[in-house]
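**Student:** Please see the structure below; I have some questions.
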Amino acid sequence: MKVALCGLGEIGQIHLRAIRESGHELVGVLELNRRLAVESVGDEVPIHTEVMEMVELTEPDVVDICLPHHLHVPIAVAALEAGADVLLEKPMAIDLAGCDEIIAAAEAFDHRVGISHNQIHFAPHRRLRELIDAGRLGQIRAIYERLWMGGKYGGWREDSSQVGGGLLMDAGVHRVYMAEYLGGPVSTVSAVMDKPRSEDSFVLTLEFESGATGVIQGGYHGPEGVFDDRIEIQGSAGMAEALGCEAFFEGDLSGDLRLRARLDGAWVDDPVTGDWDESVIASVRACLDDLAAGREPESGLAAGRSAVAVIEAAYRSAETGNSIRVSDLDGRQ
Ligand SMILES: NC(=O)c1ccc[n+]([C@@H]2O[C@H](COP(=O)([O-])OP(=O)(O)OC[C@H]3O[C@@H](n4cnc5c(N)ncnc54)[C@H](O)[C@@H]3O)[C@@H](O)[C@H]2O)c1
């Protein structure tokens, strides 16, 4: 399959590696930073600065989008209109209207869209899903996720109009789709934030359709350099704790232990391995392989939109002080 890659920044570099290792063919890149583009691809493929020119000249089967959030909808819609499938970095869009524009374009032009929810490809997280599917944890009663960071990223992430929010819409969205991956659909959200829609810290209380509850808590206010993420699950028959995903990659945690579970009454260390960058590569490759085979990507339009809906419910809750039912946001849920 011919793949065109948009954005060669932090995550674009890992997508570039994944495409090169995948056996699919890189046919062009879109990148405004000429020096970065030349350093990344040399004269291997043409470097473009305008998406329509890129898709007309390179005729990709898939356009892979690793751009700031406010560009996801216009570039995805342009790619779909031009006859390509799309692989889109998280979050799908900065609001539900944007998600619906992409869904309408995918339907109108009969093309598929995958959302790179890479943490579902982190091996310890897939192991959690296996434990749940095998019934080892019993009925899931509670999920706790935390994201404690020390210090903010700069660049476009300083501009909430490009992010579509603050920390929750950026790194926080991983916790939101992971909550639904492990616990199923979220029905109701209550949230407290310092500055909704440009938040540096947030606490979300979730009610799942299953009756389980969840808490997602995140903030930039840890000691300088900290990146501490973890997931804990309480079930009626067992419990499990994934110690981190980014935490190992960022050097906040070291060693081999990534997952512990309390099964049959005793805590056991799970030998599962894995790293954050491997999850990104696995996510890109799985999506490209699904698209090549004409399959719906494991994480597609429904999962992408659902995560944005939970975040929108959280913003409205933080702004109004009320619990927000996700199904009340509009008629689609
Ligand atoms: N899955 C993850 O864990 C993860 C991690 C980091 C970023 N991301 C996501 O990846 C996307 C990009 O984030 P990033 O951290 O790589 O950002 P970045 O700033 O490092 O890179 C973005 C790149 O896009 C280029 N660019 C910006 N506007 C452009 C335009 N109009 N046309 C062409 N090129 C343009 C910039 O020059 C830059 O090189 C975002 O959606 C972000 O949320 C995901």
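Residues in the structure tokens are named by chain (A, B, ... in the order shown) and by number from 1 within that chain; ligands are numbered from 1 in the order shown.
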Residues near Pro60 (chain A), anyone? I mean within 9 Å using only C-alpha atoms, not counting same-chain ones fewer than 2 positions away, as a list in words.
**Tutor:**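 Surrounding residues, per the criterion: Met1, Lys2, Val3, Ala4, Leu26, Val27, Gly28, Met54, Val55, Glu56, Leu57, Thr58, Val62, Val63, Ala79, Gly83, Ala84 and Asp85 of chain A.
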**Student:** Extract, using only C-alpha atoms, all DNA, RNA and protein residues at most 8 Å from Glu81 (chain A), discarding same-chain residues fewer than 4 positions from it, and format them as a list in words.
**Tutor:**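 Everything that qualifies: Val77, Ala105 and Phe109 of chain A.
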**Student:** Would you mind listing the residues within 7 Å of ligand 1, counting only C-alpha atoms and all ligand atoms, as a list in words?
**Tutor:** Cys6, Gly7, Leu8, Gly9, Glu10, Ile11, Gly12, Leu30, Glu31, Leu32, Asn33, Leu36, Thr49, Glu50, Cys66, Leu67, Pro68, His69, Leu71, Glu89, Lys90, Pro91, Ser116, His117, Asn118, Gly155, Trp156, Asp170 and Val280 of chain A
**Student:** Enumerate, as a list in words, the complete set of residues in region 4-55 of chain A that a backbone-based DSSP assignment places in alpha helix (DSSP H).
**Tutor:**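 Here are the alpha helix (DSSP H) residues of region 4-55 of chain A: Glu10, Ile11, Gly12, Gln13, Ile14, His15, Leu16, Arg17, Ala18, Ile19, Arg20, Glu21, Ser22, Arg34, Arg35, Leu36, Ala37, Val38, Glu39, Ser40, Val41, Val51, Met52, Glu53, Met54 and Val55 of chain A.
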**Student:** Which residue gives the smallest distance to Gly274 (chain A) among A:Arg295, A:Arg35, A:Arg127, A:Arg197, with only C-alpha atoms counted?
**Tutor:**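 Closest to Gly274 (chain A) of all the choices is A:Arg127.
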**Student:** Smallest atom-to-atom distance to His125 (chain A): which of A:Leu147, A:Ile102, A:Ile140, A:Ile231, using only C-alpha atoms?
**Tutor:**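 Looking at the shortest contact to His125 (chain A), the residue is A:Ile231.
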**Student:** So how many Å separate CA of Gly114 (chain A) and CA of Cys287 (chain A), to one decimal?
**Tutor:**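 Taking CA of Gly114 (chain A) as the start and CA of Cys287 (chain A) as the end point, the length is 6.1 Å.
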**Student:** Compile a residue-level contact table for region 196-273 of chain A against region 313-325 of chain A at a cut-off of 12 Å, reporting for every qualifying residue the shortest atom pair and its distance in Å to one decimal, with only C-alpha atoms counted, rows ordered by chain and ascending number, as CSV.
**Tutor:**
residue,atom,partner,partner_atom,distance
A:Pro196,CA,A:Tyr315,CA,5.7
A:Arg197,CA,A:Tyr315,CA,6.5
A:Ser198,CA,A:Tyr315,CA,9.9
A:Glu199,CA,A:Tyr315,CA,9.6
A:Ser201,CA,A:Ala318,CA,11.5
A:Phe202,CA,A:Ala318,CA,9.0
A:Val203,CA,A:Ala314,CA,9.0
A:Leu204,CA,A:Ala314,CA,6.8
A:Thr205,CA,A:Ala314,CA,8.8
A:Leu206,CA,A:Ala314,CA,9.3
A:Glu207,CA,A:Arg325,CA,9.2
A:Phe208,CA,A:Arg325,CA,10.5
A:Glu209,CA,A:Arg325,CA,10.7
A:Val215,CA,A:Ala314,CA,11.9
A:Ile216,CA,A:Ala314,CA,10.8
A:Gln217,CA,A:Ala314,CA,11.9
**Student:** Interatomic distance between CA of Leu253 (chain A) and CA of Glu278 (chain A)?
**Tutor:**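 Distance reported for this atom pair: 16.5 Å.
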**Student:** Would you please give, as a count of residues only, all residues of region 11-215 of chain A that DSSP assigns to strand (DSSP E) based on the backbone?
**Tutor:** 50
**Student:** For region 87-194 of chain A versus region 239-247 of chain A, which residues have an atom no more than 10 Å away, and what is each residue's nearest atom pair and distance in Å rounded to one decimal, using only C-alpha atoms, chain-then-number order, as JSON lines?
**Tutor:**
{"residue": "A:Gln119", "atom": "CA", "partner": "A:Cys245", "partner_atom": "CA", "distance": 7.8}
{"residue": "A:Phe122", "atom": "CA", "partner": "A:Cys245", "partner_atom": "CA", "distance": 7.3}
{"residue": "A:Ala123", "atom": "CA", "partner": "A:Cys245", "partner_atom": "CA", "distance": 9.5}
{"residue": "A:Pro124", "atom": "CA", "partner": "A:Ala242", "partner_atom": "CA", "distance": 6.6}
{"residue": "A:His125", "atom": "CA", "partner": "A:Ala242", "partner_atom": "CA", "distance": 7.2}
{"residue": "A:Arg127", "atom": "CA", "partner": "A:Ala242", "partner_atom": "CA", "distance": 9.5}
{"residue": "A:Leu128", "atom": "CA", "partner": "A:Ala240", "partner_atom": "CA", "distance": 7.4}
{"residue": "A:Leu131", "atom": "CA", "partner": "A:Ala240", "partner_atom": "CA", "distance": 8.9}
{"residue": "A:Ile132", "atom": "CA", "partner": "A:Ala240", "partner_atom": "CA", "distance": 9.8}
{"residue": "A:Arg136", "atom": "CA", "partner": "A:Met239", "partner_atom": "CA", "distance": 8.8}
{"residue": "A:Leu137", "atom": "CA", "partner": "A:Met239", "partner_atom": "CA", "distance": 6.0}
{"residue": "A:Gly138", "atom": "CA", "partner": "A:Met239", "partner_atom": "CA", "distance": 9.0}
{"residue": "A:Ile140", "atom": "CA", "partner": "A:Met239", "partner_atom": "CA", "distance": 9.0}
{"residue": "A:Arg141", "atom": "CA", "partner": "A:Met239", "partner_atom": "CA", "distance": 9.8}
{"residue": "A:Ala142", "atom": "CA", "partner": "A:Met239", "partner_atom": "CA", "distance": 9.6}
{"residue": "A:Ile143", "atom": "CA", "partner": "A:Ala240", "partner_atom": "CA", "distance": 9.7}
{"residue": "A:Tyr144", "atom": "CA", "partner": "A:Glu241", "partner_atom": "CA", "distance": 9.4}
{"residue": "A:Glu145", "atom": "CA", "partner": "A:Ala242", "partner_atom": "CA", "distance": 9.5}
{"residue": "A:Arg146", "atom": "CA", "partner": "A:Gly244", "partner_atom": "CA", "distance": 9.5}
{"residue": "A:Leu147", "atom": "CA", "partner": "A:Ala247", "partner_atom": "CA", "distance": 9.4}
{"residue": "A:Trp148", "atom": "CA", "partner": "A:Ala247", "partner_atom": "CA", "distance": 9.6}
{"residue": "A:Met149", "atom": "CA", "partner": "A:Ala247", "partner_atom": "CA", "distance": 9.6}
**Student:** Have a look at A:Trp267, A:Asp200, A:Ser22, A:Arg258 and name the one nearest to Glu158 (chain A); count only C-alpha atoms.
**Tutor:**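 Selected residue with least distance to Glu158 (chain A): A:Asp200.
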**Student:** Which residue, A:Arg175, A:His24, A:Arg305, A:Arg17, has the smallest gap to Glu101 (chain A) when you use only C-alpha atoms?
**Tutor:**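 The shortest atom-to-atom distance to Glu101 (chain A) comes from A:Arg305.
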**Student:** So how many Å separate CA of Phe227 (chain A) and CA of Ile120 (chain A), to one decimal?
**Tutor:** 18.8 Å
**Student:** Set the distance at 12 Å and use only C-alpha atoms: which residues neighbour Ala93 (chain A) once local chain neighbours fewer than 4 positions away are removed? I'd like the list as a PyMOL selection string.
**Tutor:** chain A and resi 65+67-77+88-89+97-103+115+161-165+169-170+173+301+304-309+311-312
**Student:** Would you save the residues from that selection as a tab-separated table (two decimals), in the first residue's frame, using N, CA and C atoms?
**Tutor:**
chain	number	residue	atom	x	y	z
A	65	ILE	N	-1.82	10.86	9.44
A	65	ILE	CA	-1.81	12.27	9.89
A	65	ILE	C	-1.25	12.38	11.32
A	67	LEU	N	-0.29	15.49	12.89
A	67	LEU	CA	-0.25	16.96	12.93
A	67	LEU	C	-0.94	17.47	14.18
A	68	PRO	N	-0.71	18.74	14.55
A	68	PRO	CA	-1.46	19.33	15.67
A	68	PRO	C	-2.97	19.13	15.49
A	69	HIS	N	-3.67	19.07	16.61
A	69	HIS	CA	-5.06	18.61	16.62
A	69	HIS	C	-6.00	19.39	15.71
A	70	HIS	N	-5.83	20.73	15.64
A	70	HIS	CA	-6.79	21.53	14.86
A	70	HIS	C	-6.68	21.23	13.35
A	71	LEU	N	-5.63	20.52	12.93
A	71	LEU	CA	-5.47	20.18	11.51
A	71	LEU	C	-6.03	18.80	11.17
A	72	HIS	N	-6.46	18.04	12.18
A	72	HIS	CA	-6.89	16.67	11.92
A	72	HIS	C	-8.09	16.64	10.97
A	73	VAL	N	-9.09	17.48	11.23
A	73	VAL	CA	-10.31	17.41	10.40
A	73	VAL	C	-10.04	17.88	8.96
A	74	PRO	N	-9.48	19.07	8.73
A	74	PRO	CA	-9.32	19.48	7.33
A	74	PRO	C	-8.42	18.55	6.53
A	75	ILE	N	-7.36	18.04	7.14
A	75	ILE	CA	-6.44	17.18	6.38
A	75	ILE	C	-7.09	15.80	6.16
A	76	ALA	N	-7.79	15.28	7.17
A	76	ALA	CA	-8.45	13.98	7.01
A	76	ALA	C	-9.54	14.06	5.94
A	77	VAL	N	-10.33	15.11	5.97
A	77	VAL	CA	-11.42	15.25	4.99
A	77	VAL	C	-10.83	15.40	3.58
A	88	LEU	N	-5.16	8.35	11.63
A	88	LEU	CA	-5.16	9.64	12.30
A	88	LEU	C	-4.63	9.47	13.72
A	89	GLU	N	-3.66	10.31	14.10
A	89	GLU	CA	-3.21	10.29	15.50
A	89	GLU	C	-4.35	10.77	16.41
A	97	ALA	N	-18.27	17.96	16.58
A	97	ALA	CA	-18.63	18.39	15.23
A	97	ALA	C	-17.53	17.97	14.25
A	98	GLY	N	-16.29	18.10	14.68
A	98	GLY	CA	-15.16	17.68	13.84
A	98	GLY	C	-15.18	16.17	13.60
A	99	CYS	N	-15.46	15.40	14.65
A	99	CYS	CA	-15.56	13.94	14.48
A	99	CYS	C	-16.63	13.62	13.44
A	100	ASP	N	-17.77	14.31	13.55
A	100	ASP	CA	-18.88	14.02	12.63
A	100	ASP	C	-18.55	14.43	11.19
A	101	GLU	N	-17.73	15.47	11.02
A	101	GLU	CA	-17.30	15.84	9.65
A	101	GLU	C	-16.47	14.71	9.04
A	102	ILE	N	-15.59	14.13	9.84
A	102	ILE	CA	-14.76	13.03	9.33
A	102	ILE	C	-15.63	11.81	9.03
A	103	ILE	N	-16.57	11.52	9.94
A	103	ILE	CA	-17.46	10.36	9.72
A	103	ILE	C	-18.28	10.56	8.44
A	115	ILE	N	-7.96	5.30	14.00
A	115	ILE	CA	-7.43	6.28	14.95
A	115	ILE	C	-6.31	5.58	15.72
A	161	SER	N	-6.49	26.60	21.36
A	161	SER	CA	-7.31	26.53	20.14
A	161	SER	C	-6.73	25.50	19.16
A	162	GLN	N	-5.45	25.21	19.27
A	162	GLN	CA	-4.86	24.17	18.42
A	162	GLN	C	-4.99	22.79	19.06
A	163	VAL	N	-5.02	22.77	20.39
A	163	VAL	CA	-5.13	21.49	21.11
A	163	VAL	C	-6.60	21.06	21.19
A	164	GLY	N	-7.51	22.03	21.29
A	164	GLY	CA	-8.91	21.71	21.54
A	164	GLY	C	-9.18	21.54	23.02
A	165	GLY	N	-8.25	22.00	23.85
A	165	GLY	CA	-8.40	21.87	25.30
A	165	GLY	C	-7.02	21.97	25.92
A	169	MET	N	-7.30	16.80	26.72
A	169	MET	CA	-7.47	16.55	25.28
A	169	MET	C	-6.18	16.05	24.64
A	170	ASP	N	-5.05	16.28	25.28
A	170	ASP	CA	-3.77	15.86	24.71
A	170	ASP	C	-3.39	14.49	25.31
A	173	VAL	N	-6.29	11.97	26.65
A	173	VAL	CA	-7.20	11.16	25.83
A	173	VAL	C	-6.79	9.69	25.83
A	301	LEU	N	-13.55	4.89	13.77
A	301	LEU	CA	-14.35	6.10	13.97
A	301	LEU	C	-15.15	6.06	15.27
A	304	GLY	N	-12.81	6.54	18.27
A	304	GLY	CA	-12.25	7.90	18.25
A	304	GLY	C	-13.27	8.92	18.69
A	305	ARG	N	-14.50	8.77	18.17
A	305	ARG	CA	-15.54	9.73	18.53
A	305	ARG	C	-15.96	9.58	19.99
A	306	SER	N	-16.00	8.34	20.45
A	306	SER	CA	-16.44	8.10	21.82
A	306	SER	C	-15.49	8.77	22.82
A	307	ALA	N	-14.19	8.69	22.55
A	307	ALA	CA	-13.22	9.31	23.46
A	307	ALA	C	-13.41	10.83	23.49
A	308	VAL	N	-13.65	11.42	22.31
A	308	VAL	CA	-13.87	12.88	22.28
A	308	VAL	C	-15.19	13.22	22.99
A	309	ALA	N	-16.19	12.35	22.88
A	309	ALA	CA	-17.47	12.61	23.56
A	309	ALA	C	-17.29	12.61	25.08
A	311	ILE	N	-14.60	13.34	26.69
A	311	ILE	CA	-13.87	14.57	27.04
A	311	ILE	C	-14.81	15.77	26.99
A	312	GLU	N	-15.66	15.83	25.96
A	312	GLU	CA	-16.61	16.95	25.88
A	312	GLU	C	-17.55	16.93	27.10
**Student:** When distances are computed from only C-alpha atoms, which of A:Val284, A:Leu291, A:Leu168, A:Leu263 shows the smallest separation from Leu5 (chain A)?
**Tutor:** A:Val284
